[in-house]
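Q: Structure provided below as structure tokens; questions to follow.
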Amino acid sequence: MTSSIPLSAQLINLFAAVILLLGFAMLAQRRMLSLINLFALQGFCLFLATLVAAVTTGQVHLFYSAGLTLALKVLLLPWILHRLVRQLKVKREVEALINIPTTMLVGIVLVMVAFNVALPISELSHTITRGTLGIALAVVMLAFLMMITRQKAISQVVGFLSMENGLFLAATSATYGMPMVVELGIALDVLVGVIILGVFFFQIRDQFDSLDIRHMEKLKDN
Amino acid sequence: MDFFVLMLAIPLVSGALLTVVGERDWAPNLNIVASLGTFLAAVGLTGEIIANGPRFAFGEQFFIDSLNVFFVSLTAFVGLTTSIFSGPYMKNEREHGRLSVPRLRLYKGMYQLFMFTMLAALTTNNLGILWVAMEAATLTTVLLVSLYRTSASLEAAWKYFILCGVGIAQALFGTILLYFAAERVLGESGNALLWTHLIDVKGSLEPTIMALSFIFLLVGYGTKVGLAPLHNWLPDAHAEGPTPVSAVLSGLLLNVALYAILRCKVLADGALPNGYAGNLMIGFGLFTLLVAAFFLSRQKDVKRMFAYSSIEHMGLITFAFGMGGPIANFAGLLHMTMHSLTKSAIFFAVGHATQKTGTQLMEHIRGLIKINPLIGWGLMLGTLAILGMPPFGVFASEFMILTHAMKHFPWATPILLLALGVAFAAIFGKVQPMVFGETTAKRLPHAPAMTPVFLHLGIVLMLGLYIPPYLTRWFHEAARMLG
């Protein structure tokens, strides 16, 4: 039956699957710099998927969207994060709250949930990329799991950015991307957000001598 | 000159300017003048809308009708009074050594930019831009919450960023799904996220997609409204940030987030006529109201307690809009106005009280009325107003919500009464000894600005006794737009 699926759709599905695998890899990765590299790789796969969709459909704004992904998520953000990690000296391995095999199992369950939620919707879609909507939602959920289980502030931010990757994949797969003005706005927000967080990390480190968010569990209702 | 362009340009330009010159002696005055300019432009815009009806701006990207112009004028007004309040408040903080000069600059610049993002979110016609502006509103306030650089304020700001970031990511997914549903009807033009186009075709949007989309939008923007169980960031951010920031977060940002939900609800109602969106909002609203009411009595920090009170009122308003219909929508809009004015007035009074006593712990704040009767009475009257005592306006809106609930949703009445009663007991019991009793307060180097407090409470009192007919008409029209 594979012959009935066009090559471009197969390529996009392949890249989407790699993005999902990278989501799992990030969930398991404890070293900070490797985590950022995985994030950059995920962004690169997103770029390739968007590019294939752009070439196949000839939609001009998808080319811009792909360019934006390449500039922001593959080059600029990983570069900023690398600098932050070096300046803040957080090379140490991060201790996960839950051990890695358990996290992976939870991740698999989340992926199944995501596919079931997305199934009725992707059947309504007419784009060549519709199969990837479930994958996109799964990437969002894996990133969410990563934010919950990690202790270091930087890995939470990488999780947050990975969630944004999943959302962009969803936008591309369901509708060939959002209108250009919205995509630009989102990109601007993400960039400003990371810069503000960069400032914020230094404030946290100066105050706590560490970027471990376990120090930040004092505010409670009692 | 176009009032709308002025209204967006003034905070943007002055925000940029104040980040450069914000440490000068005249900077607080510039902050006030800019806010006054924004307010006057908003008043001009409101007059224009009342006279000529809805209008577009910048092509079709911005759209102002009687619903959002009402939020615009409220936002600009509270923005102005907060800037007046923050003048002496921030000077006192500087004298106490809690804030350095660069941080004052950061505060003023970010304050104006925050006003800009909220006004943009309120007036945009594009649901994608609405999302962008909401996220930008979070970003401008993260560094304000952590302004004191204490470990508690850093923790609060971190929680604020992460929780609202995750929440707003859900809202983005909801927006993508909405776009997906709209594109099937409106085609692949840039119009498929424009609210004025969506409203025309709301009946033919795919129900399956809209149902899922609205859940994501409600949970996402609901995080910013402070709906339980996603409200955890709110008390921390309100308690640890500077008081002017607490006042605008509570009085304005929550409203803007709720406004975003309302716009989406109108679309969801069109696609799903069985009251699905309304029922979800009723459920979330009641749950939030109950959770907040029972957390109120456990609070020790005064700003934290009033933050929980904000969550409680947001729950009540969400419930009112969930019921829907002209009366409940009218009551919801009225309650939003009353809550904004009253809660910011309370935060102003609380801000000066905590400066005078040097603590936010309620057990150490005593006898405010002896050292400064204005602050004491301001806090007491504000508390009575927010608790829904007649003749204040909150009573009128709460009464309307309650009677409407009794008629159409009788099962919800005991829950509402229980929550309101528990909240009353908790707050009144704690505020009363703070105002009366032996004093612990001291003199401040800069006299507090109490005009905003009594201005707000005066308006709330007036609206409780008498709502001018043009305002009633305006509320009715806005309520009708919500269906």
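In the structure tokens, chains take letters A, B, ... by order of appearance, with residues numbered from 1 within each chain and ligands from 1 in the order shown.
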Taking only residues of chain B that have an atom at most 7 Å from an atom of chain A, what is each one's shortest atom pair and its distance in Å to one decimal, using only C-alpha atoms, in chain and number order, as JSON lines?
A:
```
{"residue": "B:Gly128", "atom": "CA", "partner": "A:Val182", "partner_atom": "CA", "distance": 5.3}
{"residue": "B:Ile129", "atom": "CA", "partner": "A:Val182", "partner_atom": "CA", "distance": 5.9}
{"residue": "B:Val132", "atom": "CA", "partner": "A:Gly185", "partner_atom": "CA", "distance": 5.8}
{"residue": "B:Glu135", "atom": "CA", "partner": "A:Asp189", "partner_atom": "CA", "distance": 6.9}
{"residue": "B:Ala136", "atom": "CA", "partner": "A:Asp189", "partner_atom": "CA", "distance": 6.3}
{"residue": "B:Leu139", "atom": "CA", "partner": "A:Gly193", "partner_atom": "CA", "distance": 6.2}
{"residue": "B:Ser151", "atom": "CA", "partner": "A:Gln207", "partner_atom": "CA", "distance": 6.2}
{"residue": "B:Ala152", "atom": "CA", "partner": "A:Leu219", "partner_atom": "CA", "distance": 6.8}
{"residue": "B:Leu154", "atom": "CA", "partner": "A:Ile204", "partner_atom": "CA", "distance": 6.5}
{"residue": "B:Glu155", "atom": "CA", "partner": "A:Met216", "partner_atom": "CA", "distance": 5.2}
{"residue": "B:Phe173", "atom": "CA", "partner": "A:Leu167", "partner_atom": "CA", "distance": 6.3}
{"residue": "B:Ile176", "atom": "CA", "partner": "A:Ala171", "partner_atom": "CA", "distance": 5.8}
{"residue": "B:Phe180", "atom": "CA", "partner": "A:Thr175", "partner_atom": "CA", "distance": 5.6}
{"residue": "B:Gly190", "atom": "CA", "partner": "A:Pro179", "partner_atom": "CA", "distance": 5.6}
{"residue": "B:Ile209", "atom": "CA", "partner": "A:Ile121", "partner_atom": "CA", "distance": 6.4}
{"residue": "B:Asp236", "atom": "CA", "partner": "A:Leu219", "partner_atom": "CA", "distance": 6.9}
{"residue": "B:Arg298", "atom": "CA", "partner": "A:Asn222", "partner_atom": "CA", "distance": 6.1}
{"residue": "B:Gln299", "atom": "CA", "partner": "A:Asp221", "partner_atom": "CA", "distance": 6.8}
```
Q: Using only N, CA and C atoms, please write the residues we just selected to a file, as a short mmCIF file (atom, residue, chain, number, x, y, z; two decimals), in the first residue's frame.
A:
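And here is the file that came out, selection29.cif:
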```cif
data_model
loop_
_atom_site.label_atom_id
_atom_site.label_comp_id
_atom_site.auth_asym_id
_atom_site.auth_seq_id
_atom_site.Cartn_x
_atom_site.Cartn_y
_atom_site.Cartn_z
N GLY B 128 -4.62 34.86 16.45
CA GLY B 128 -3.20 34.54 16.58
C GLY B 128 -2.45 35.66 17.27
N ILE B 129 -2.73 36.90 16.87
CA ILE B 129 -2.10 38.06 17.52
C ILE B 129 -2.53 38.13 18.98
N VAL B 132 -0.24 35.99 20.76
CA VAL B 132 1.10 36.60 20.84
C VAL B 132 1.11 37.69 21.92
N GLU B 135 1.04 36.22 25.49
CA GLU B 135 2.35 35.71 25.88
C GLU B 135 3.30 36.87 26.18
N ALA B 136 3.21 37.92 25.36
CA ALA B 136 4.07 39.08 25.60
C ALA B 136 3.72 39.73 26.94
N LEU B 139 5.62 37.88 29.46
CA LEU B 139 7.06 38.15 29.39
C LEU B 139 7.39 39.50 30.03
N SER B 151 14.76 35.45 47.33
CA SER B 151 14.59 34.08 46.85
C SER B 151 13.12 33.78 46.62
N ALA B 152 12.25 34.34 47.48
CA ALA B 152 10.82 34.07 47.31
C ALA B 152 10.31 34.69 46.01
N LEU B 154 12.02 35.37 43.27
CA LEU B 154 12.54 34.63 42.12
C LEU B 154 11.76 33.35 41.91
N GLU B 155 11.44 32.67 43.02
CA GLU B 155 10.67 31.44 42.90
C GLU B 155 9.30 31.74 42.31
N PHE B 173 -2.11 25.60 20.93
CA PHE B 173 -2.61 24.39 20.28
C PHE B 173 -4.10 24.58 19.96
N ILE B 176 -4.36 26.75 16.97
CA ILE B 176 -4.04 26.01 15.75
C ILE B 176 -5.25 25.19 15.30
N PHE B 180 -7.46 25.49 11.97
CA PHE B 180 -7.70 24.30 11.16
C PHE B 180 -9.18 24.20 10.81
N GLY B 190 -5.40 34.63 4.63
CA GLY B 190 -4.97 35.10 5.94
C GLY B 190 -6.15 35.45 6.85
N ILE B 209 -13.74 19.42 15.94
CA ILE B 209 -12.51 20.19 16.12
C ILE B 209 -12.74 21.32 17.12
N ASP B 236 1.46 33.41 44.49
CA ASP B 236 2.89 33.68 44.64
C ASP B 236 3.28 34.96 43.92
N ARG B 298 -6.71 30.08 55.23
CA ARG B 298 -5.40 29.57 55.66
C ARG B 298 -4.29 30.58 55.43
N GLN B 299 -4.61 31.73 54.85
CA GLN B 299 -3.55 32.66 54.47
C GLN B 299 -3.06 33.50 55.66
#
```
Q: Which residues, written as a list in words, have at least one atom at most 9 Å from stretch 101-105 of chain A, with only C-alpha atoms counted and residues fewer than 6 positions away on the same chain left out?
A: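 Here the qualifying residues turn out to be Phe24, Leu27, Ala28, Leu145, Met146 and Thr149 of chain A.
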Q: Grab the atom CA of B:Met323 to atom CA of B:Gly278 distance for me, in Å with one decimal place.
A: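 About the pair atom CA of B:Met323 and atom CA of B:Gly278: they are 6.1 Å apart.
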Q: Show which residues sit within 8 Å of B:Ala320, as a list in words. Count only C-alpha atoms, and ignore same-chain residues fewer than 3 positions away.
A: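 Once the adjacent positions are removed, what remains is Ile282, Leu316, Ile317, Met323, Gly324, Ala328, Asn329, Ala331, Gly332 and Ile401 of chain B.
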Q: Would you write out those residues with all heavy atoms, as a PDB file, in the first residue's frame?
A:
```pdb
ATOM      1  N   ILE B 282     -19.021  26.740  33.523  1.00  0.00           N
ATOM      2  CA  ILE B 282     -19.721  26.642  34.808  1.00  0.00           C
ATOM      3  C   ILE B 282     -18.948  25.722  35.746  1.00  0.00           C
ATOM      4  O   ILE B 282     -18.712  26.036  36.910  1.00  0.00           O
ATOM      5  CB  ILE B 282     -21.155  26.112  34.591  1.00  0.00           C
ATOM      6  CG1 ILE B 282     -22.018  27.203  33.965  1.00  0.00           C
ATOM      7  CG2 ILE B 282     -21.769  25.641  35.900  1.00  0.00           C
ATOM      8  CD1 ILE B 282     -23.439  26.789  33.697  1.00  0.00           C
ATOM      9  N   LEU B 316     -16.216  33.140  40.068  1.00  0.00           N
ATOM     10  CA  LEU B 316     -17.613  33.589  40.041  1.00  0.00           C
ATOM     11  C   LEU B 316     -17.955  34.178  38.671  1.00  0.00           C
ATOM     12  O   LEU B 316     -19.027  33.898  38.106  1.00  0.00           O
ATOM     13  CB  LEU B 316     -17.819  34.636  41.141  1.00  0.00           C
ATOM     14  CG  LEU B 316     -19.259  35.079  41.381  1.00  0.00           C
ATOM     15  CD1 LEU B 316     -20.104  33.910  41.833  1.00  0.00           C
ATOM     16  CD2 LEU B 316     -19.304  36.187  42.423  1.00  0.00           C
ATOM     17  N   ILE B 317     -17.041  34.981  38.117  1.00  0.00           N
ATOM     18  CA  ILE B 317     -17.312  35.613  36.821  1.00  0.00           C
ATOM     19  C   ILE B 317     -17.376  34.547  35.715  1.00  0.00           C
ATOM     20  O   ILE B 317     -18.252  34.579  34.853  1.00  0.00           O
ATOM     21  CB  ILE B 317     -16.232  36.668  36.511  1.00  0.00           C
ATOM     22  CG1 ILE B 317     -16.267  37.784  37.556  1.00  0.00           C
ATOM     23  CG2 ILE B 317     -16.434  37.250  35.137  1.00  0.00           C
ATOM     24  CD1 ILE B 317     -15.067  38.690  37.535  1.00  0.00           C
ATOM     25  N   MET B 323     -23.141  30.544  32.460  1.00  0.00           N
ATOM     26  CA  MET B 323     -24.598  30.476  32.407  1.00  0.00           C
ATOM     27  C   MET B 323     -25.110  31.102  31.118  1.00  0.00           C
ATOM     28  O   MET B 323     -26.072  30.630  30.523  1.00  0.00           O
ATOM     29  CB  MET B 323     -25.205  31.199  33.614  1.00  0.00           C
ATOM     30  CG  MET B 323     -24.986  30.485  34.929  1.00  0.00           C
ATOM     31  SD  MET B 323     -26.039  31.128  36.235  1.00  0.00           S
ATOM     32  CE  MET B 323     -25.363  32.740  36.533  1.00  0.00           C
ATOM     33  N   GLY B 324     -24.460  32.195  30.698  1.00  0.00           N
ATOM     34  CA  GLY B 324     -24.822  32.835  29.440  1.00  0.00           C
ATOM     35  C   GLY B 324     -26.168  33.542  29.502  1.00  0.00           C
ATOM     36  O   GLY B 324     -26.808  33.614  30.545  1.00  0.00           O
ATOM     37  N   ALA B 328     -27.068  37.163  32.727  1.00  0.00           N
ATOM     38  CA  ALA B 328     -25.839  36.655  33.336  1.00  0.00           C
ATOM     39  C   ALA B 328     -24.614  37.323  32.723  1.00  0.00           C
ATOM     40  O   ALA B 328     -23.652  37.641  33.432  1.00  0.00           O
ATOM     41  CB  ALA B 328     -25.760  35.143  33.174  1.00  0.00           C
ATOM     42  N   ASN B 329     -24.623  37.551  31.404  1.00  0.00           N
ATOM     43  CA  ASN B 329     -23.495  38.230  30.776  1.00  0.00           C
ATOM     44  C   ASN B 329     -23.358  39.659  31.287  1.00  0.00           C
ATOM     45  O   ASN B 329     -22.259  40.134  31.545  1.00  0.00           O
ATOM     46  CB  ASN B 329     -23.667  38.252  29.251  1.00  0.00           C
ATOM     47  CG  ASN B 329     -23.373  36.913  28.634  1.00  0.00           C
ATOM     48  OD1 ASN B 329     -22.663  36.096  29.223  1.00  0.00           O
ATOM     49  ND2 ASN B 329     -23.916  36.655  27.470  1.00  0.00           N
ATOM     50  N   ALA B 331     -24.333  40.718  34.212  1.00  0.00           N
ATOM     51  CA  ALA B 331     -23.812  40.615  35.575  1.00  0.00           C
ATOM     52  C   ALA B 331     -22.312  40.318  35.558  1.00  0.00           C
ATOM     53  O   ALA B 331     -21.542  40.881  36.343  1.00  0.00           O
ATOM     54  CB  ALA B 331     -24.552  39.531  36.338  1.00  0.00           C
ATOM     55  N   GLY B 332     -21.893  39.441  34.642  1.00  0.00           N
ATOM     56  CA  GLY B 332     -20.475  39.097  34.545  1.00  0.00           C
ATOM     57  C   GLY B 332     -19.622  40.310  34.202  1.00  0.00           C
ATOM     58  O   GLY B 332     -18.595  40.566  34.829  1.00  0.00           O
ATOM     59  N   ILE B 401     -25.991  37.685  39.757  1.00  0.00           N
ATOM     60  CA  ILE B 401     -25.487  36.335  39.436  1.00  0.00           C
ATOM     61  C   ILE B 401     -26.242  35.295  40.260  1.00  0.00           C
ATOM     62  O   ILE B 401     -26.695  34.269  39.747  1.00  0.00           O
ATOM     63  CB  ILE B 401     -23.965  36.250  39.696  1.00  0.00           C
ATOM     64  CG1 ILE B 401     -23.217  37.183  38.748  1.00  0.00           C
ATOM     65  CG2 ILE B 401     -23.472  34.823  39.528  1.00  0.00           C
ATOM     66  CD1 ILE B 401     -21.734  37.279  39.011  1.00  0.00           C
TER      67      ILE B 401
END
```
Q: For stretch 376-385 of chain B, find every residue with an atom within 8 Å (counting only C-alpha atoms), except residues of its own chain fewer than 6 positions away, and show them as a list in words.
A: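 Using only C-alpha atoms, the neighbours found are Thr342, Lys343, Ala345, Ile346, Ala349, Val350, Gly367, Leu368, Ile369, Lys370, Phe392, Gly393, Val394, Phe395, Ile427, Phe428, Val431, Gln432, Val435, Phe436, Val453, Phe454, Leu457 and Val460 of chain B.
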